[in-house]
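To be precise, the following lines are structure-v6.cif, and they hold mmCIF, C-alpha atoms.
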data_upload
loop_
_atom_site.label_atom_id
_atom_site.label_comp_id
_atom_site.auth_asym_id
_atom_site.auth_seq_id
_atom_site.Cartn_x
_atom_site.Cartn_y
_atom_site.Cartn_z
CA MET W 40 -13.95 26.34 -7.56
CA HIS W 41 -13.03 22.67 -7.36
CA GLY W 42 -14.92 19.71 -8.73
CA VAL W 43 -14.93 16.40 -10.58
CA VAL W 44 -15.90 15.71 -14.18
CA VAL W 45 -18.91 13.39 -13.85
CA SER W 46 -19.89 13.14 -17.52
CA TYR W 47 -18.41 14.00 -20.89
CA ASP W 48 -19.69 13.47 -24.43
CA GLN W 49 -16.67 13.29 -26.70
CA GLU W 50 -18.71 13.62 -29.89
CA LYS W 51 -20.59 16.71 -28.73
CA SER W 52 -17.54 18.07 -26.84
CA TYR W 53 -19.32 18.97 -23.62
CA GLY W 54 -19.90 17.56 -20.19
CA PHE W 55 -20.73 18.33 -16.57
CA ILE W 56 -18.67 19.04 -13.46
CA ARG W 57 -19.88 18.24 -9.95
CA PRO W 58 -18.64 20.93 -7.50
CA SER W 59 -16.81 19.67 -4.40
CA SER W 60 -18.88 22.08 -2.31
CA GLY W 61 -22.11 20.44 -3.46
CA GLY W 62 -24.99 21.70 -5.53
CA GLN W 63 -26.07 21.04 -9.10
CA ASP W 64 -23.70 19.79 -11.79
CA ILE W 65 -22.27 22.57 -13.96
CA PHE W 66 -22.11 22.46 -17.75
CA PHE W 67 -18.78 22.97 -19.54
CA HIS W 68 -17.62 22.93 -23.16
CA VAL W 69 -14.28 21.45 -24.18
CA SER W 70 -13.23 24.84 -25.56
CA GLU W 71 -13.02 26.02 -21.93
CA PHE W 72 -10.60 23.24 -21.00
CA VAL W 73 -7.14 24.80 -20.68
CA GLY W 74 -5.18 21.84 -19.32
CA ARG W 75 -3.01 19.39 -21.17
CA GLY W 76 -4.27 15.96 -22.19
CA ARG W 77 -7.79 14.75 -22.81
CA VAL W 78 -10.87 15.45 -20.77
CA ARG W 79 -11.89 12.32 -18.87
CA ILE W 80 -14.60 11.34 -16.43
CA GLY W 81 -13.38 11.29 -12.84
CA ALA W 82 -10.72 13.98 -13.35
CA ARG W 83 -10.45 16.59 -10.62
CA VAL W 84 -10.52 20.11 -11.98
CA ASP W 85 -10.39 23.76 -10.98
CA PHE W 86 -12.79 26.10 -12.75
CA GLU W 87 -14.65 29.38 -12.68
CA VAL W 88 -18.40 29.78 -12.98
CA GLU W 89 -20.37 32.30 -14.98
CA ARG W 90 -24.07 32.73 -15.55
CA SER W 91 -25.45 32.44 -19.06
CA SER W 92 -28.90 32.62 -20.59
CA ARG W 93 -29.19 28.87 -20.15
CA GLY W 94 -27.94 28.78 -16.59
CA TYR W 95 -24.52 28.35 -15.00
CA LYS W 96 -21.55 27.12 -16.98
CA ALA W 97 -17.90 26.51 -16.18
CA LYS W 98 -15.03 28.35 -17.83
CA ARG W 99 -11.25 28.16 -17.62
CA VAL W 100 -11.46 24.49 -16.63
CA ALA W 101 -8.02 23.09 -15.70
CA PRO W 102 -6.69 19.94 -13.99
CA ALA W 103 -6.64 20.48 -10.23
CA ALA W 104 -3.18 21.20 -8.88
CA PHE W 105 -1.71 18.40 -6.74
CA ALA W 106 -4.95 16.40 -6.90
CA LEU W 107 -4.67 12.68 -6.31
CA ASN W 108 -7.78 10.81 -7.33
CA VAL W 109 -7.49 7.33 -5.83
CA SER W 110 -10.06 6.00 -8.28
CA ASP W 111 -7.65 6.85 -11.10
CA LEU W 112 -5.15 4.33 -9.76
CA GLY W 113 -5.17 0.68 -10.69
CA PRO W 114 -6.61 -1.80 -8.16
CA ARG W 115 -3.16 -2.93 -7.02
CA MET W 116 -1.87 0.57 -6.39
CA LYS W 117 -5.15 1.79 -4.91
CA PHE W 118 -5.40 -0.95 -2.30
CA ALA W 119 -1.65 -0.83 -1.61
CA VAL W 120 -1.80 2.92 -0.91
CA MET W 121 -4.86 2.51 1.29
CA ALA W 122 -3.30 -0.39 3.22
CA LEU W 123 0.00 1.41 3.80
CA ALA W 124 -1.82 4.56 4.90
CA ALA W 125 -3.91 2.53 7.37
CA ILE W 126 -0.80 0.77 8.70
CA ALA W 127 1.03 4.09 9.13
CA LEU W 128 -1.95 5.65 10.91
CA GLY W 129 -2.43 2.64 13.16
CA THR W 130 1.26 2.48 14.01
CA ALA W 131 1.38 6.18 14.85
CA SER W 132 -1.72 5.88 17.05
CA LEU W 133 -0.28 2.96 19.02
CA ILE W 134 3.10 4.65 19.43
CA PHE W 135 1.28 7.72 20.72
CA GLY W 136 -0.34 5.36 23.24
CA ARG W 137 3.18 4.40 24.39
CA VAL W 138 3.39 1.05 22.65
CA GLU W 139 6.85 -0.02 21.50
CA PRO W 140 7.36 1.04 17.83
CA LEU W 141 8.06 -2.45 16.48
CA VAL W 142 5.11 -3.94 18.37
CA ALA W 143 2.88 -1.08 17.23
CA TYR W 144 3.88 -1.62 13.60
CA LEU W 145 3.27 -5.38 13.70
CA VAL W 146 -0.09 -5.00 15.44
CA ALA W 147 -1.25 -2.37 12.93
CA CYS W 148 0.01 -4.40 9.99
CA ASN W 149 -1.85 -7.53 11.08
CA ILE W 150 -5.07 -5.70 11.94
CA VAL W 151 -5.09 -4.14 8.47
CA ALA W 152 -4.48 -7.59 6.95
CA ILE W 153 -7.49 -9.04 8.80
CA GLY W 154 -9.61 -6.04 7.84
CA LEU W 155 -8.76 -6.41 4.16
CA PHE W 156 -9.62 -10.10 4.29
CA GLY W 157 -12.98 -9.31 5.81
CA TYR W 158 -13.65 -6.65 3.18
CA ASP W 159 -12.65 -8.91 0.29
CA LYS W 160 -14.81 -11.73 1.63
CA GLY W 161 -17.75 -9.37 2.00
CA ILE W 162 -17.68 -8.17 -1.60
CA ALA W 163 -16.87 -11.57 -3.13
CA GLY W 164 -19.41 -12.45 -5.81
CA GLY W 165 -20.43 -8.81 -6.30
CA THR W 166 -19.42 -6.15 -8.80
CA SER W 167 -17.04 -4.20 -6.53
CA THR W 168 -13.31 -4.30 -7.23
CA ARG W 169 -11.66 -7.16 -5.34
CA VAL W 170 -8.41 -6.81 -3.41
CA PRO W 171 -5.61 -8.17 -5.67
CA GLU W 172 -3.74 -11.18 -4.29
CA ILE W 173 -0.41 -9.38 -4.66
CA VAL W 174 -1.58 -6.81 -2.09
CA PHE W 175 -2.25 -9.57 0.45
CA HIS W 176 1.13 -11.11 -0.32
CA GLY W 177 2.81 -7.72 0.04
CA ILE W 178 1.25 -7.14 3.46
CA ALA W 179 2.35 -10.61 4.53
CA ALA W 180 5.89 -9.89 3.36
CA ILE W 181 6.17 -6.69 5.41
CA GLY W 182 4.95 -8.28 8.64
CA GLY W 183 1.28 -9.15 8.31
CA THR W 184 1.68 -12.91 7.98
CA ALA W 185 -0.26 -13.67 11.16
CA GLY W 186 -3.10 -11.38 10.08
CA ILE W 187 -3.33 -13.07 6.68
CA LEU W 188 -3.45 -16.49 8.36
CA VAL W 189 -6.11 -15.38 10.86
CA GLY W 190 -8.11 -13.81 8.04
CA MET W 191 -8.08 -17.04 6.04
CA LEU W 192 -9.26 -19.09 9.02
CA LEU W 193 -11.70 -16.54 10.42
CA PHE W 194 -13.47 -15.74 7.15
CA ARG W 195 -12.81 -19.08 5.42
CA HIS W 196 -11.53 -17.08 2.49
CA LYS W 197 -8.95 -18.06 -0.16
CA THR W 198 -8.31 -21.35 1.63
CA GLN W 199 -8.86 -23.24 -1.63
CA LYS W 200 -7.07 -20.79 -3.95
CA ALA W 201 -3.91 -22.67 -5.00
CA SER W 202 -2.07 -19.64 -6.44
CA PHE W 203 -2.68 -17.61 -3.28
CA GLN W 204 -1.72 -20.46 -0.96
CA PHE W 205 1.50 -21.09 -2.89
CA GLY W 206 2.61 -17.46 -2.74
CA PHE W 207 1.73 -17.20 0.94
CA ALA W 208 3.61 -20.43 1.73
CA ILE W 209 6.76 -19.14 0.02
CA ILE W 210 6.64 -15.89 2.00
CA LEU W 211 6.01 -17.77 5.26
CA LEU W 212 8.92 -20.17 4.68
CA LEU W 213 11.29 -17.31 3.85
CA GLN W 214 10.26 -15.46 6.99
CA ILE W 215 10.76 -18.57 9.13
CA TYR W 216 14.24 -19.01 7.64
CA VAL W 217 15.17 -15.36 8.25
CA VAL W 218 13.92 -15.48 11.86
CA HIS W 219 15.76 -18.76 12.45
CA ARG W 220 19.03 -17.35 11.13
CA TYR W 221 18.56 -14.20 13.19
CA TRP W 222 18.14 -16.16 16.40
CA GLU W 223 21.15 -18.31 15.56
CA VAL W 224 23.28 -15.18 15.30
CA VAL W 225 21.83 -13.74 18.51
CA LYS W 226 22.38 -17.03 20.32
CA GLY W 227 25.95 -17.19 19.03
CA LEU W 228 26.66 -13.69 20.27
CA ARG W 229 25.21 -14.45 23.69
CA GLU W 230 27.23 -17.64 24.05
CA GLY W 231 30.40 -15.91 22.91
CA GLU W 232 30.82 -18.10 19.85
CA TYR W 233 32.21 -15.34 17.69
CA SER W 234 34.44 -13.87 20.38
CA LEU W 235 35.86 -17.34 21.21
CA THR W 236 36.59 -17.99 17.55
CA PHE W 237 38.33 -14.66 17.32
CA GLY W 238 40.21 -15.47 20.50
CA ARG W 239 41.42 -18.80 19.10
CA TYR W 240 42.57 -17.00 15.99
CA GLU W 241 44.52 -14.52 18.07
CA GLU W 242 46.06 -17.31 20.16
CA SER W 243 47.06 -19.26 17.06
CA ALA W 244 48.56 -16.17 15.50
CA SER W 245 50.54 -15.43 18.66
CA GLU W 246 52.06 -18.96 18.69
CA GLU W 247 53.10 -18.63 15.05
CA ASP W 248 54.71 -15.26 15.77
CA ALA W 249 56.59 -16.73 18.71
CA ALA W 250 57.91 -19.62 16.61
CA TYR W 251 59.00 -17.19 13.93
CA LEU W 252 60.87 -15.05 16.44
CA GLU W 253 62.71 -18.11 17.81
#
Output the file's structure in the form of structure tokens.
Amino acid sequence: MHGVVVSYDQEKSYGFIRPSSGGQDIFFHVSEFVGRGRVRIGARVDFEVERSSRGYKAKRVAPAAFALNVSDLGPRMKFAVMALAAIALGTASLIFGRVEPLVAYLVACNIVAIGLFGYDKGIAGGTSTRVPEIVFHGIAAIGGTAGILVGMLLFRHKTQKASFQFGFAIILLLQIYVVHRYWEVVKGLREGEYSLTFGRYEESASEEDAAYLE
């Protein structure tokens, strides 16, 4: 069976596992834990069940193979993984709907950015884990700048946070510079700037060769 350790008393060396299939929590003793490391609450485990005089108990308890418990990750990694997964899913869905890949990616990225802003605004002042600023900055850096800006204005969130505004401004300025340089290169290629320069070089070289031959 599969389950999650929901309680563990280190002094008494026993705890309870909540089966993934539902039902009552199952008692286990640390002597039945066969995995490496320490028993911890929230760990996903595989186990067998046997009936005893006191009810059901787990035996041969081991860490679940290939189990990824998102709650075990730090806030930065947890929200980053969730955001990237949402962006990937949204991009794939739009591409399947015959939207251009780059457009699909940017739309998904900015929708996720707005959604995260709304979520963070909604839980502000509560006890839930807030979205780290670095996650917002990361989404902005990979294409969600417009979504971050819309989120700030729409939810009136983080508009007075100096550290957030400074980081966002740096990312925005760098992106403007990169886009500007990109269009300069594209414009130069369209106007034949680079080919003309190369042509002048060839012409100059030919004149020098002719003078040398004379």
Practice problem: Expand the PyMOL selection byres ((chain W and resi 43-56) around 9) into the individual residues it matches in the shown file, reporting them as JSON, numbers by chain. | Solution: {"W": [41, 42, 57, 58, 59, 63, 64, 65, 66, 67, 68, 69, 70, 78, 79, 80, 81, 82, 83, 84, 85, 96, 97]}
Quiz item: Counting all atoms listed in the file, what is within 10 Å of segment 137-146 of chain W, bar same-chain residues fewer than 3 positions away, as a ChimeraX atom specification?
Solution: /W:126-134,149-152,181-186
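With all atoms listed in the file as the atoms that count, the minimum distance from Ser202 of chain W to the choices W:Ala101, W:Ile178, W:Ile173, W:Ile162 is reached by W:Ile173.
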Quiz item: Nearest to Leu123 of chain W: which of W:Ala103, W:Gly177, W:Glu87, W:Pro171 is it, counting only C-alpha atoms?
Solution: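 For Leu123 of chain W, the nearest of the candidates is W:Gly177.
When only C-alpha atoms are used to compute distances to Arg195 of chain W, the closest of the residues W:Lys226, W:His176, W:Lys160, W:Arg169 turns out to be W:Lys160.
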Exercise. Take the PyMOL selection byres ((chain W and resi 208) around 12), apply it to the structure above, and return the hits as a ChimeraX atom specification.
Key: /W:176,179-180,184,187-188,198,201-207,209-215
Could you save the residues just selected, with C-alpha atoms, as a compact mmCIF listing (two decimals), keeping the file's coordinate frame?
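Result written to result.txt:
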# COMPACT_ATOMS: atom_id res chain seq x y z
CA HIS W 176 1.13 -11.11 -0.32
CA ALA W 179 2.35 -10.61 4.53
CA ALA W 180 5.89 -9.89 3.36
CA THR W 184 1.68 -12.91 7.98
CA ILE W 187 -3.33 -13.07 6.68
CA LEU W 188 -3.45 -16.49 8.36
CA THR W 198 -8.31 -21.35 1.63
CA ALA W 201 -3.91 -22.67 -5.00
CA SER W 202 -2.07 -19.64 -6.44
CA PHE W 203 -2.68 -17.61 -3.28
CA GLN W 204 -1.72 -20.46 -0.96
CA PHE W 205 1.50 -21.09 -2.89
CA GLY W 206 2.61 -17.46 -2.74
CA PHE W 207 1.73 -17.20 0.94
CA ILE W 209 6.76 -19.14 0.02
CA ILE W 210 6.64 -15.89 2.00
CA LEU W 211 6.01 -17.77 5.26
CA LEU W 212 8.92 -20.17 4.68
CA LEU W 213 11.29 -17.31 3.85
CA GLN W 214 10.26 -15.46 6.99
CA ILE W 215 10.76 -18.57 9.13
Exercise. Just give me the gap between atom CA of Ala122 of chain W and atom CA of Tyr216 of chain W in Å, one decimal is fine.
Key: 26.0 Å
Practice problem: Using atom CA of Gln199 of chain W and atom CA of Glu172 of chain W as the two end points, give the distance in Å to one decimal. | Solution: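 So the answer is 13.4 Å.
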Exercise. Could you tell me how far atom CA of Val120 of chain W lies from atom CA of Ala147 of chain W, in Å and to one decimal?
Key: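 Going from atom CA of Val120 of chain W over to atom CA of Ala147 of chain W, I get 14.8 Å.
The smallest atom-to-atom distance between Ser60 of chain W and any of W:Glu89, W:Gly94, W:Met40, W:Phe72, using all atoms listed in the file, is found for W:Met40.
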Quiz item: Skipping near chain neighbours, those fewer than 2 positions away, what residues fall within 10 Å of Phe118 of chain W using all atoms listed in the file, listed as a list in words?
Solution: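 Result of the neighbour search: Val109, Leu112, Gly113, Pro114, Arg115, Met116, Val120, Met121, Ala122, Leu123, Ala124, Leu155, Thr168, Arg169, Val170, Pro171, Val174 and Phe175 of chain W.
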Hey, can you spit out that residue selection with C-alpha atoms as a PDB file, keeping the file's coordinate frame?
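After the write, out.pdb holds the following:
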ATOM      1  CA  VAL W 109      -7.490   7.330  -5.830  1.00  0.00           C
ATOM      2  CA  LEU W 112      -5.150   4.330  -9.760  1.00  0.00           C
ATOM      3  CA  GLY W 113      -5.170   0.680 -10.690  1.00  0.00           C
ATOM      4  CA  PRO W 114      -6.610  -1.800  -8.160  1.00  0.00           C
ATOM      5  CA  ARG W 115      -3.160  -2.930  -7.020  1.00  0.00           C
ATOM      6  CA  MET W 116      -1.870   0.570  -6.390  1.00  0.00           C
ATOM      7  CA  VAL W 120      -1.800   2.920  -0.910  1.00  0.00           C
ATOM      8  CA  MET W 121      -4.860   2.510   1.290  1.00  0.00           C
ATOM      9  CA  ALA W 122      -3.300  -0.390   3.220  1.00  0.00           C
ATOM     10  CA  LEU W 123       0.000   1.410   3.800  1.00  0.00           C
ATOM     11  CA  ALA W 124      -1.820   4.560   4.900  1.00  0.00           C
ATOM     12  CA  LEU W 155      -8.760  -6.410   4.160  1.00  0.00           C
ATOM     13  CA  THR W 168     -13.310  -4.300  -7.230  1.00  0.00           C
ATOM     14  CA  ARG W 169     -11.660  -7.160  -5.340  1.00  0.00           C
ATOM     15  CA  VAL W 170      -8.410  -6.810  -3.410  1.00  0.00           C
ATOM     16  CA  PRO W 171      -5.610  -8.170  -5.670  1.00  0.00           C
ATOM     17  CA  VAL W 174      -1.580  -6.810  -2.090  1.00  0.00           C
ATOM     18  CA  PHE W 175      -2.250  -9.570   0.450  1.00  0.00           C
TER      19      PHE W 175
END
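Closest approach to Tyr95 of chain W from the set W:Gly190, W:Gly62, W:Gly164, W:Gly157 is made by W:Gly62, with distances taken over all atoms listed in the file.
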Quiz prompt | Nearest candidate to His196 of chain W (options W:Ile153, W:Val73, W:Val100, W:Val88; using all atoms listed in the file) | solution =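 Checking each candidate against His196 of chain W, we get W:Ile153 as the closest.
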Rebuild segment 188-224 of chain W so that it carries N, CA and C atoms, then output the result as a PDB file, in the frame of the given file.
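The resulting file, rebuild.pdb, is reproduced below:
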ATOM      1  N   LEU W 188      -3.073 -15.147   7.929  1.00  0.00           N
ATOM      2  CA  LEU W 188      -3.450 -16.490   8.360  1.00  0.00           C
ATOM      3  C   LEU W 188      -4.756 -16.468   9.158  1.00  0.00           C
ATOM      4  N   VAL W 189      -4.877 -15.516  10.071  1.00  0.00           N
ATOM      5  CA  VAL W 189      -6.110 -15.380  10.860  1.00  0.00           C
ATOM      6  C   VAL W 189      -7.282 -15.051   9.946  1.00  0.00           C
ATOM      7  N   GLY W 190      -7.046 -14.177   8.971  1.00  0.00           N
ATOM      8  CA  GLY W 190      -8.110 -13.810   8.040  1.00  0.00           C
ATOM      9  C   GLY W 190      -8.607 -15.006   7.244  1.00  0.00           C
ATOM     10  N   MET W 191      -7.684 -15.849   6.788  1.00  0.00           N
ATOM     11  CA  MET W 191      -8.080 -17.040   6.040  1.00  0.00           C
ATOM     12  C   MET W 191      -8.947 -17.962   6.892  1.00  0.00           C
ATOM     13  N   LEU W 192      -8.530 -18.171   8.134  1.00  0.00           N
ATOM     14  CA  LEU W 192      -9.260 -19.090   9.020  1.00  0.00           C
ATOM     15  C   LEU W 192     -10.562 -18.476   9.521  1.00  0.00           C
ATOM     16  N   LEU W 193     -10.531 -17.198   9.855  1.00  0.00           N
ATOM     17  CA  LEU W 193     -11.700 -16.540  10.420  1.00  0.00           C
ATOM     18  C   LEU W 193     -12.826 -16.384   9.403  1.00  0.00           C
ATOM     19  N   PHE W 194     -12.460 -15.980   8.179  1.00  0.00           N
ATOM     20  CA  PHE W 194     -13.470 -15.740   7.150  1.00  0.00           C
ATOM     21  C   PHE W 194     -13.615 -16.896   6.155  1.00  0.00           C
ATOM     22  N   ARG W 195     -12.799 -17.939   6.342  1.00  0.00           N
ATOM     23  CA  ARG W 195     -12.810 -19.080   5.420  1.00  0.00           C
ATOM     24  C   ARG W 195     -12.715 -18.585   3.974  1.00  0.00           C
ATOM     25  N   HIS W 196     -11.691 -17.767   3.769  1.00  0.00           N
ATOM     26  CA  HIS W 196     -11.530 -17.080   2.490  1.00  0.00           C
ATOM     27  C   HIS W 196     -10.173 -17.400   1.882  1.00  0.00           C
ATOM     28  N   LYS W 197     -10.157 -17.744   0.601  1.00  0.00           N
ATOM     29  CA  LYS W 197      -8.950 -18.060  -0.160  1.00  0.00           C
ATOM     30  C   LYS W 197      -8.237 -19.322   0.360  1.00  0.00           C
ATOM     31  N   THR W 198      -8.926 -20.115   1.110  1.00  0.00           N
ATOM     32  CA  THR W 198      -8.310 -21.350   1.630  1.00  0.00           C
ATOM     33  C   THR W 198      -8.166 -22.412   0.545  1.00  0.00           C
ATOM     34  N   GLN W 199      -8.930 -22.272  -0.545  1.00  0.00           N
ATOM     35  CA  GLN W 199      -8.860 -23.240  -1.630  1.00  0.00           C
ATOM     36  C   GLN W 199      -8.202 -22.675  -2.875  1.00  0.00           C
ATOM     37  N   LYS W 200      -7.687 -21.444  -2.782  1.00  0.00           N
ATOM     38  CA  LYS W 200      -7.070 -20.790  -3.950  1.00  0.00           C
ATOM     39  C   LYS W 200      -5.608 -21.198  -4.010  1.00  0.00           C
ATOM     40  N   ALA W 201      -5.261 -22.095  -4.944  1.00  0.00           N
ATOM     41  CA  ALA W 201      -3.910 -22.670  -5.000  1.00  0.00           C
ATOM     42  C   ALA W 201      -2.838 -21.608  -5.218  1.00  0.00           C
ATOM     43  N   SER W 202      -3.082 -20.654  -6.141  1.00  0.00           N
ATOM     44  CA  SER W 202      -2.070 -19.640  -6.440  1.00  0.00           C
ATOM     45  C   SER W 202      -1.794 -18.757  -5.231  1.00  0.00           C
ATOM     46  N   PHE W 203      -2.854 -18.431  -4.485  1.00  0.00           N
ATOM     47  CA  PHE W 203      -2.680 -17.610  -3.280  1.00  0.00           C
ATOM     48  C   PHE W 203      -1.946 -18.382  -2.206  1.00  0.00           C
ATOM     49  N   GLN W 204      -2.343 -19.626  -1.991  1.00  0.00           N
ATOM     50  CA  GLN W 204      -1.720 -20.460  -0.960  1.00  0.00           C
ATOM     51  C   GLN W 204      -0.242 -20.681  -1.255  1.00  0.00           C
ATOM     52  N   PHE W 205       0.100 -20.868  -2.527  1.00  0.00           N
ATOM     53  CA  PHE W 205       1.500 -21.090  -2.890  1.00  0.00           C
ATOM     54  C   PHE W 205       2.345 -19.858  -2.595  1.00  0.00           C
ATOM     55  N   GLY W 206       1.865 -18.699  -3.009  1.00  0.00           N
ATOM     56  CA  GLY W 206       2.610 -17.460  -2.740  1.00  0.00           C
ATOM     57  C   GLY W 206       2.754 -17.194  -1.261  1.00  0.00           C
ATOM     58  N   PHE W 207       1.681 -17.427  -0.500  1.00  0.00           N
ATOM     59  CA  PHE W 207       1.730 -17.200   0.940  1.00  0.00           C
ATOM     60  C   PHE W 207       2.700 -18.168   1.611  1.00  0.00           C
ATOM     61  N   ALA W 208       2.710 -19.429   1.152  1.00  0.00           N
ATOM     62  CA  ALA W 208       3.610 -20.430   1.730  1.00  0.00           C
ATOM     63  C   ALA W 208       5.073 -20.063   1.497  1.00  0.00           C
ATOM     64  N   ILE W 209       5.387 -19.558   0.317  1.00  0.00           N
ATOM     65  CA  ILE W 209       6.760 -19.140   0.020  1.00  0.00           C
ATOM     66  C   ILE W 209       7.195 -18.015   0.948  1.00  0.00           C
ATOM     67  N   ILE W 210       6.321 -17.027   1.113  1.00  0.00           N
ATOM     68  CA  ILE W 210       6.640 -15.890   2.000  1.00  0.00           C
ATOM     69  C   ILE W 210       6.819 -16.374   3.435  1.00  0.00           C
ATOM     70  N   LEU W 211       5.939 -17.253   3.890  1.00  0.00           N
ATOM     71  CA  LEU W 211       6.010 -17.770   5.260  1.00  0.00           C
ATOM     72  C   LEU W 211       7.307 -18.535   5.488  1.00  0.00           C
ATOM     73  N   LEU W 212       7.697 -19.395   4.543  1.00  0.00           N
ATOM     74  CA  LEU W 212       8.920 -20.170   4.680  1.00  0.00           C
ATOM     75  C   LEU W 212      10.158 -19.267   4.701  1.00  0.00           C
ATOM     76  N   LEU W 213      10.167 -18.257   3.861  1.00  0.00           N
ATOM     77  CA  LEU W 213      11.290 -17.310   3.850  1.00  0.00           C
ATOM     78  C   LEU W 213      11.390 -16.568   5.166  1.00  0.00           C
ATOM     79  N   GLN W 214      10.251 -16.177   5.709  1.00  0.00           N
ATOM     80  CA  GLN W 214      10.260 -15.460   6.990  1.00  0.00           C
ATOM     81  C   GLN W 214      10.728 -16.364   8.120  1.00  0.00           C
ATOM     82  N   ILE W 215      10.304 -17.625   8.104  1.00  0.00           N
ATOM     83  CA  ILE W 215      10.760 -18.570   9.130  1.00  0.00           C
ATOM     84  C   ILE W 215      12.268 -18.749   9.044  1.00  0.00           C
ATOM     85  N   TYR W 216      12.792 -18.847   7.827  1.00  0.00           N
ATOM     86  CA  TYR W 216      14.240 -19.010   7.640  1.00  0.00           C
ATOM     87  C   TYR W 216      14.994 -17.788   8.157  1.00  0.00           C
ATOM     88  N   VAL W 217      14.505 -16.593   7.816  1.00  0.00           N
ATOM     89  CA  VAL W 217      15.170 -15.360   8.250  1.00  0.00           C
ATOM     90  C   VAL W 217      15.160 -15.250   9.773  1.00  0.00           C
ATOM     91  N   VAL W 218      14.018 -15.539  10.390  1.00  0.00           N
ATOM     92  CA  VAL W 218      13.920 -15.480  11.860  1.00  0.00           C
ATOM     93  C   VAL W 218      14.846 -16.509  12.495  1.00  0.00           C
ATOM     94  N   HIS W 219      14.890 -17.704  11.920  1.00  0.00           N
ATOM     95  CA  HIS W 219      15.760 -18.760  12.450  1.00  0.00           C
ATOM     96  C   HIS W 219      17.222 -18.342  12.391  1.00  0.00           C
ATOM     97  N   ARG W 220      17.640 -17.797  11.267  1.00  0.00           N
ATOM     98  CA  ARG W 220      19.030 -17.350  11.130  1.00  0.00           C
ATOM     99  C   ARG W 220      19.328 -16.198  12.089  1.00  0.00           C
ATOM    100  N   TYR W 221      18.376 -15.330  12.270  1.00  0.00           N
ATOM    101  CA  TYR W 221      18.560 -14.200  13.190  1.00  0.00           C
ATOM    102  C   TYR W 221      18.795 -14.699  14.608  1.00  0.00           C
ATOM    103  N   TRP W 222      17.982 -15.660  15.044  1.00  0.00           N
ATOM    104  CA  TRP W 222      18.140 -16.160  16.400  1.00  0.00           C
ATOM    105  C   TRP W 222      19.415 -16.981  16.561  1.00  0.00           C
ATOM    106  N   GLU W 223      19.868 -17.605  15.506  1.00  0.00           N
ATOM    107  CA  GLU W 223      21.150 -18.310  15.560  1.00  0.00           C
ATOM    108  C   GLU W 223      22.286 -17.330  15.810  1.00  0.00           C
ATOM    109  N   VAL W 224      22.245 -16.203  15.115  1.00  0.00           N
ATOM    110  CA  VAL W 224      23.280 -15.180  15.300  1.00  0.00           C
ATOM    111  C   VAL W 224      23.213 -14.606  16.703  1.00  0.00           C
TER     112      VAL W 224
END
